[in-house]
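**Student:** Below you will find the structure I want to go over with you.
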Amino acid sequence: MEREYKWAADREQFTNICAALSLDPNTVFPISMDAIYFDTADGMLRDQKIGLRLRRENAETVCCMKRRNAAQNGLHVHEEYECPADTLTEGLSKLVSVGAPAALCETLQGESLIAIAQVSFLRHPILWETEQFCAELSFDQGHLINNAHDLAFCEIECEYKSGDIAMFELACKALAERFALHAEPRSKLARALSL
């Protein structure tokens with residue numbers, strides 16, 4: 001289960017947060033992310049609040065399926081299954097081995113999947129380690145694309161990696177309050193689809 005906070009924010013806020021946490025953003029190596037999201041023609045995945053994407057992360061291509069469970073005050077909780085794959089067909093055949101629902105993956109392999117949205121951005125990730133937990137703090141800046149519509153965005157994400165979940169959530173809430181961060185209730189896919 002993936003747990004992450006998502007806030008609408010700019011690079012200056014990210015830099016200020018890094019300084020407050022004694023993290024050096026100059027050590028961050030950006031990752032180029034180009035994702036295409038897919039669905040059936042009748043919107044089966046959208047109806048079930050499932051996102052299916054093929055994303056190039058610098059030189060690696062990854063297939064990912066996310067099933068959204070909840071989002072509240074910027075905290076997004078969802079099932080996430082991910083595997084290296086060059087094609088959607090390859091990804092769907094491999095996702096089962098990392099826990100994705102076998103019946104759903106099998107059904108999707110028999111469907112004509114269509115591209116429904118694209119998201120392209122640069123991610124600047126940095127590891128945030130404390131005595132209580134470990135998380136990845138990232139600044140994302142790019143574009144949400146749907147047909148001829150294109151919307152620029154920038155946001156900060158903080159994804160839980162390990163340790164005390166309660167302490168992670170308290171620390172993220174404290175960051176949001178201290179730096180006046182505005183919770184982003186919708187995923188990148190949801191925002192792209194709304195264009």
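If you're wondering about the labels, chains in the structure tokens are A, B, ... by order shown, residues count from 1 in each chain, ligands from 1 in order shown.
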Do you have, as a Markdown table, the list of residues of range 70-183 of chain A lying at most 12 Å from range 46-64 of chain A, each with its nearest atom pair and that distance in Å to one decimal, counting only C-alpha atoms and ordered by chain then number?
**Tutor:**
```
| residue | atom | partner | partner_atom | distance |
| --- | --- | --- | --- | --- |
| A:Ala70 | CA | A:Lys49 | CA | 10.3 |
| A:His78 | CA | A:Ile50 | CA | 9.6 |
| A:Glu79 | CA | A:Ile50 | CA | 9.4 |
| A:Glu80 | CA | A:Cys64 | CA | 7.1 |
| A:Tyr81 | CA | A:Cys64 | CA | 5.6 |
| A:Glu82 | CA | A:Cys64 | CA | 4.3 |
| A:Cys83 | CA | A:Cys63 | CA | 5.5 |
| A:Pro84 | CA | A:Val62 | CA | 4.4 |
| A:Ala85 | CA | A:Val62 | CA | 5.2 |
| A:Asp86 | CA | A:Thr61 | CA | 5.6 |
| A:Thr87 | CA | A:Leu54 | CA | 7.4 |
| A:Leu88 | CA | A:Leu54 | CA | 6.4 |
| A:Thr89 | CA | A:Cys63 | CA | 9.4 |
| A:Glu90 | CA | A:Cys63 | CA | 8.5 |
| A:Gly91 | CA | A:Cys63 | CA | 5.2 |
| A:Leu92 | CA | A:Cys63 | CA | 7.7 |
| A:Ser93 | CA | A:Cys63 | CA | 10.2 |
| A:Lys94 | CA | A:Cys63 | CA | 8.9 |
| A:Leu95 | CA | A:Cys64 | CA | 7.8 |
| A:Val96 | CA | A:Cys64 | CA | 11.2 |
| A:Val98 | CA | A:Cys64 | CA | 10.4 |
| A:Gly99 | CA | A:Cys64 | CA | 11.5 |
| A:Ala100 | CA | A:Cys64 | CA | 9.5 |
| A:Pro101 | CA | A:Ile50 | CA | 11.6 |
| A:Leu104 | CA | A:Ile50 | CA | 10.6 |
| A:Cys105 | CA | A:Leu52 | CA | 10.4 |
| A:Leu108 | CA | A:Leu52 | CA | 10.1 |
| A:Leu113 | CA | A:Leu52 | CA | 10.0 |
| A:Ile114 | CA | A:Leu52 | CA | 10.7 |
| A:Ala115 | CA | A:Arg53 | CA | 9.0 |
| A:Ile116 | CA | A:Arg53 | CA | 9.9 |
| A:Ala117 | CA | A:Arg53 | CA | 9.4 |
| A:Gln118 | CA | A:Arg53 | CA | 9.1 |
| A:Val119 | CA | A:Arg55 | CA | 9.0 |
| A:Ser120 | CA | A:Arg55 | CA | 9.3 |
| A:Phe121 | CA | A:Glu57 | CA | 10.0 |
| A:Leu122 | CA | A:Glu57 | CA | 9.5 |
| A:Arg123 | CA | A:Glu57 | CA | 9.5 |
```
**Student:** Could you save those same residues with N, CA and C atoms as an mmCIF file, in the first residue's frame?
**Tutor:**
```
data_model
loop_
_atom_site.group_PDB
_atom_site.id
_atom_site.type_symbol
_atom_site.label_atom_id
_atom_site.label_comp_id
_atom_site.auth_asym_id
_atom_site.auth_seq_id
_atom_site.Cartn_x
_atom_site.Cartn_y
_atom_site.Cartn_z
ATOM 1 N N ALA A 70 -8.043 5.957 -0.916
ATOM 2 C CA ALA A 70 -8.528 7.131 -0.183
ATOM 3 C C ALA A 70 -7.597 8.309 -0.412
ATOM 4 N N HIS A 78 -3.091 4.233 -1.716
ATOM 5 C CA HIS A 78 -3.570 3.361 -2.777
ATOM 6 C C HIS A 78 -2.691 2.130 -2.923
ATOM 7 N N GLU A 79 -3.300 1.099 -3.518
ATOM 8 C CA GLU A 79 -2.541 -0.083 -3.892
ATOM 9 C C GLU A 79 -1.713 0.298 -5.119
ATOM 10 N N GLU A 80 -0.471 -0.154 -5.147
ATOM 11 C CA GLU A 80 0.376 0.140 -6.308
ATOM 12 C C GLU A 80 1.180 -1.094 -6.672
ATOM 13 N N TYR A 81 1.162 -1.431 -7.950
ATOM 14 C CA TYR A 81 1.917 -2.569 -8.475
ATOM 15 C C TYR A 81 2.744 -2.063 -9.641
ATOM 16 N N GLU A 82 4.034 -2.399 -9.652
ATOM 17 C CA GLU A 82 4.937 -1.828 -10.645
ATOM 18 C C GLU A 82 5.973 -2.856 -11.062
ATOM 19 N N CYS A 83 6.334 -2.838 -12.348
ATOM 20 C CA CYS A 83 7.371 -3.743 -12.845
ATOM 21 C C CYS A 83 8.033 -3.134 -14.084
ATOM 22 N N PRO A 84 9.303 -3.492 -14.340
ATOM 23 C CA PRO A 84 9.945 -3.039 -15.576
ATOM 24 C C PRO A 84 9.248 -3.704 -16.774
ATOM 25 N N ALA A 85 8.971 -2.935 -17.810
ATOM 26 C CA ALA A 85 8.336 -3.490 -19.012
ATOM 27 C C ALA A 85 8.468 -2.494 -20.154
ATOM 28 N N ASP A 86 8.748 -2.997 -21.349
ATOM 29 C CA ASP A 86 8.888 -2.123 -22.511
ATOM 30 C C ASP A 86 7.549 -1.844 -23.183
ATOM 31 N N THR A 87 6.579 -2.746 -22.970
ATOM 32 C CA THR A 87 5.266 -2.577 -23.583
ATOM 33 C C THR A 87 4.177 -2.815 -22.541
ATOM 34 N N LEU A 88 2.984 -2.364 -22.856
ATOM 35 C CA LEU A 88 1.845 -2.573 -21.963
ATOM 36 C C LEU A 88 1.518 -4.065 -21.850
ATOM 37 N N THR A 89 1.601 -4.784 -22.949
ATOM 38 C CA THR A 89 1.332 -6.228 -22.938
ATOM 39 C C THR A 89 2.297 -6.946 -22.011
ATOM 40 N N GLU A 90 3.572 -6.613 -22.122
ATOM 41 C CA GLU A 90 4.586 -7.211 -21.248
ATOM 42 C C GLU A 90 4.307 -6.848 -19.794
ATOM 43 N N GLY A 91 3.953 -5.598 -19.561
ATOM 44 C CA GLY A 91 3.688 -5.149 -18.199
ATOM 45 C C GLY A 91 2.525 -5.876 -17.567
ATOM 46 N N LEU A 92 1.429 -6.019 -18.303
ATOM 47 C CA LEU A 92 0.255 -6.708 -17.756
ATOM 48 C C LEU A 92 0.554 -8.166 -17.437
ATOM 49 N N SER A 93 1.421 -8.785 -18.210
ATOM 50 C CA SER A 93 1.773 -10.180 -17.929
ATOM 51 C C SER A 93 2.682 -10.297 -16.703
ATOM 52 N N LYS A 94 3.433 -9.236 -16.397
ATOM 53 C CA LYS A 94 4.362 -9.275 -15.260
ATOM 54 C C LYS A 94 3.756 -8.731 -13.965
ATOM 55 N N LEU A 95 2.759 -7.864 -14.061
ATOM 56 C CA LEU A 95 2.206 -7.226 -12.866
ATOM 57 C C LEU A 95 1.640 -8.232 -11.867
ATOM 58 N N VAL A 96 1.123 -9.342 -12.357
ATOM 59 C CA VAL A 96 0.558 -10.369 -11.473
ATOM 60 C C VAL A 96 1.611 -10.868 -10.487
ATOM 61 N N VAL A 98 3.863 -9.298 -9.067
ATOM 62 C CA VAL A 98 4.136 -8.351 -7.983
ATOM 63 C C VAL A 98 2.860 -8.018 -7.198
ATOM 64 N N GLY A 99 1.807 -8.836 -7.402
ATOM 65 C CA GLY A 99 0.622 -8.714 -6.563
ATOM 66 C C GLY A 99 -0.620 -8.121 -7.191
ATOM 67 N N ALA A 100 -0.543 -7.685 -8.446
ATOM 68 C CA ALA A 100 -1.727 -7.113 -9.103
ATOM 69 C C ALA A 100 -2.788 -8.199 -9.294
ATOM 70 N N PRO A 101 -4.066 -7.821 -9.284
ATOM 71 C CA PRO A 101 -5.139 -8.809 -9.446
ATOM 72 C C PRO A 101 -5.009 -9.571 -10.769
ATOM 73 N N LEU A 104 -7.986 -9.297 -13.326
ATOM 74 C CA LEU A 104 -8.043 -7.993 -13.991
ATOM 75 C C LEU A 104 -6.976 -7.902 -15.071
ATOM 76 N N CYS A 105 -5.754 -8.322 -14.759
ATOM 77 C CA CYS A 105 -4.668 -8.270 -15.746
ATOM 78 C C CYS A 105 -4.992 -9.146 -16.956
ATOM 79 N N LEU A 108 -7.627 -7.400 -19.065
ATOM 80 C CA LEU A 108 -7.074 -6.263 -19.801
ATOM 81 C C LEU A 108 -6.224 -6.699 -20.985
ATOM 82 N N LEU A 113 -6.850 -1.563 -25.436
ATOM 83 C CA LEU A 113 -6.621 -0.432 -24.537
ATOM 84 C C LEU A 113 -6.239 0.806 -25.338
ATOM 85 N N ILE A 114 -6.787 1.934 -24.918
ATOM 86 C CA ILE A 114 -6.514 3.194 -25.622
ATOM 87 C C ILE A 114 -5.835 4.180 -24.682
ATOM 88 N N ALA A 115 -5.000 5.033 -25.258
ATOM 89 C CA ALA A 115 -4.345 6.084 -24.473
ATOM 90 C C ALA A 115 -5.385 7.144 -24.120
ATOM 91 N N ILE A 116 -5.459 7.510 -22.841
ATOM 92 C CA ILE A 116 -6.459 8.494 -22.405
ATOM 93 C C ILE A 116 -5.843 9.792 -21.884
ATOM 94 N N ALA A 117 -4.570 9.766 -21.545
ATOM 95 C CA ALA A 117 -3.918 10.978 -21.029
ATOM 96 C C ALA A 117 -2.411 10.768 -21.015
ATOM 97 N N GLN A 118 -1.701 11.881 -20.931
ATOM 98 C CA GLN A 118 -0.240 11.840 -20.866
ATOM 99 C C GLN A 118 0.224 12.824 -19.799
ATOM 100 N N VAL A 119 1.266 12.441 -19.093
ATOM 101 C CA VAL A 119 1.858 13.324 -18.093
ATOM 102 C C VAL A 119 3.368 13.324 -18.309
ATOM 103 N N SER A 120 3.948 14.492 -18.501
ATOM 104 C CA SER A 120 5.392 14.624 -18.698
ATOM 105 C C SER A 120 5.933 15.622 -17.687
ATOM 106 N N PHE A 121 6.957 15.208 -16.935
ATOM 107 C CA PHE A 121 7.494 16.109 -15.923
ATOM 108 C C PHE A 121 8.907 15.714 -15.528
ATOM 109 N N LEU A 122 9.569 16.628 -14.839
ATOM 110 C CA LEU A 122 10.866 16.355 -14.222
ATOM 111 C C LEU A 122 10.636 16.176 -12.728
ATOM 112 N N ARG A 123 11.158 15.086 -12.189
ATOM 113 C CA ARG A 123 11.056 14.837 -10.745
ATOM 114 C C ARG A 123 12.420 15.057 -10.114
#
```
**Student:** Write out as an MDAnalysis selection string all residues of range 27-160 of chain A that backbone DSSP assigns to strand (DSSP E).
**Tutor:** chainID A and resid 31:39 50:57 60:72 75:84 114:129 133:146 149:160
**Student:** One number please: CA of Ile126 in chain A to CA of Val28 in chain A, in Å, one decimal.
**Tutor:** 6.1 Å
**Student:** Hey, what does DSSP flag as alpha helix (DSSP H) within range 3-184 of chain A? Can you give it to me as a compact mmCIF listing (two decimals) with C-alpha atoms, in the first residue's frame?
**Tutor:**
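New file part.txt:
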```
# COMPACT_ATOMS: atom_id res chain seq x y z
CA ARG A 11 10.33 25.24 -6.39
CA GLU A 12 10.99 27.96 -3.80
CA GLN A 13 8.84 26.14 -1.25
CA PHE A 14 10.68 22.89 -2.02
CA THR A 15 14.05 24.63 -1.55
CA ASN A 16 12.89 26.14 1.75
CA ILE A 17 11.62 22.79 3.01
CA CYS A 18 14.91 21.10 2.10
CA ALA A 19 16.83 23.81 3.98
CA ALA A 20 14.62 23.37 7.06
CA MET A 44 -13.74 0.32 -17.09
CA LEU A 45 -10.57 1.30 -15.22
CA ARG A 46 -11.75 4.84 -14.58
CA ASP A 47 -15.04 3.51 -13.16
CA LEU A 88 1.85 -2.57 -21.96
CA THR A 89 1.33 -6.23 -22.94
CA GLU A 90 4.59 -7.21 -21.25
CA GLY A 91 3.69 -5.15 -18.20
CA LEU A 92 0.26 -6.71 -17.76
CA SER A 93 1.77 -10.18 -17.93
CA LYS A 94 4.36 -9.27 -15.26
CA LEU A 95 2.21 -7.23 -12.87
CA ALA A 102 -4.63 -11.71 -11.86
CA ALA A 103 -8.20 -11.72 -13.19
CA LEU A 104 -8.04 -7.99 -13.99
CA CYS A 105 -4.67 -8.27 -15.75
CA GLU A 106 -5.94 -11.22 -17.79
CA THR A 107 -9.09 -9.32 -18.76
CA LEU A 108 -7.07 -6.26 -19.80
CA GLN A 109 -4.78 -8.36 -21.99
CA ILE A 165 3.77 5.56 9.71
CA ALA A 166 2.17 7.68 12.43
CA MET A 167 5.36 9.73 12.84
CA PHE A 168 5.63 10.12 9.05
CA GLU A 169 2.09 11.50 8.90
CA LEU A 170 2.69 13.87 11.84
CA ALA A 171 5.88 15.18 10.22
CA CYS A 172 4.13 15.77 6.89
CA LYS A 173 1.24 17.59 8.56
CA ALA A 174 3.77 19.77 10.40
CA LEU A 175 5.54 20.56 7.10
CA ALA A 176 2.25 21.51 5.47
CA GLU A 177 1.38 23.85 8.32
CA ARG A 178 4.82 25.42 8.62
```
**Student:** Using only C-alpha atoms, pick whichever of A:His76, A:His143, A:Arg67, A:His124 has the shortest atom-to-atom distance to Pro185 in chain A.
**Tutor:**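 The closest residue to Pro185 in chain A is A:His76.
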**Student:** For Glu159 in chain A, list every protein, DNA or RNA residue within 6 Å, evaluated using only C-alpha atoms, and leave out those in the same chain fewer than 3 positions away; present the list as a list in words.
**Tutor:**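 Neighbouring residues, sequence-local ones excluded: Arg3, Glu4, Ala135 and Glu136 of chain A.
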**Student:** Return the single residue from A:Ser32, A:Ser97, A:Gln72, A:Thr40 that is closest to Asp140 in chain A, with distances computed using only C-alpha atoms.
**Tutor:**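 Among the listed residues, the smallest separation from Asp140 in chain A belongs to A:Ser32.
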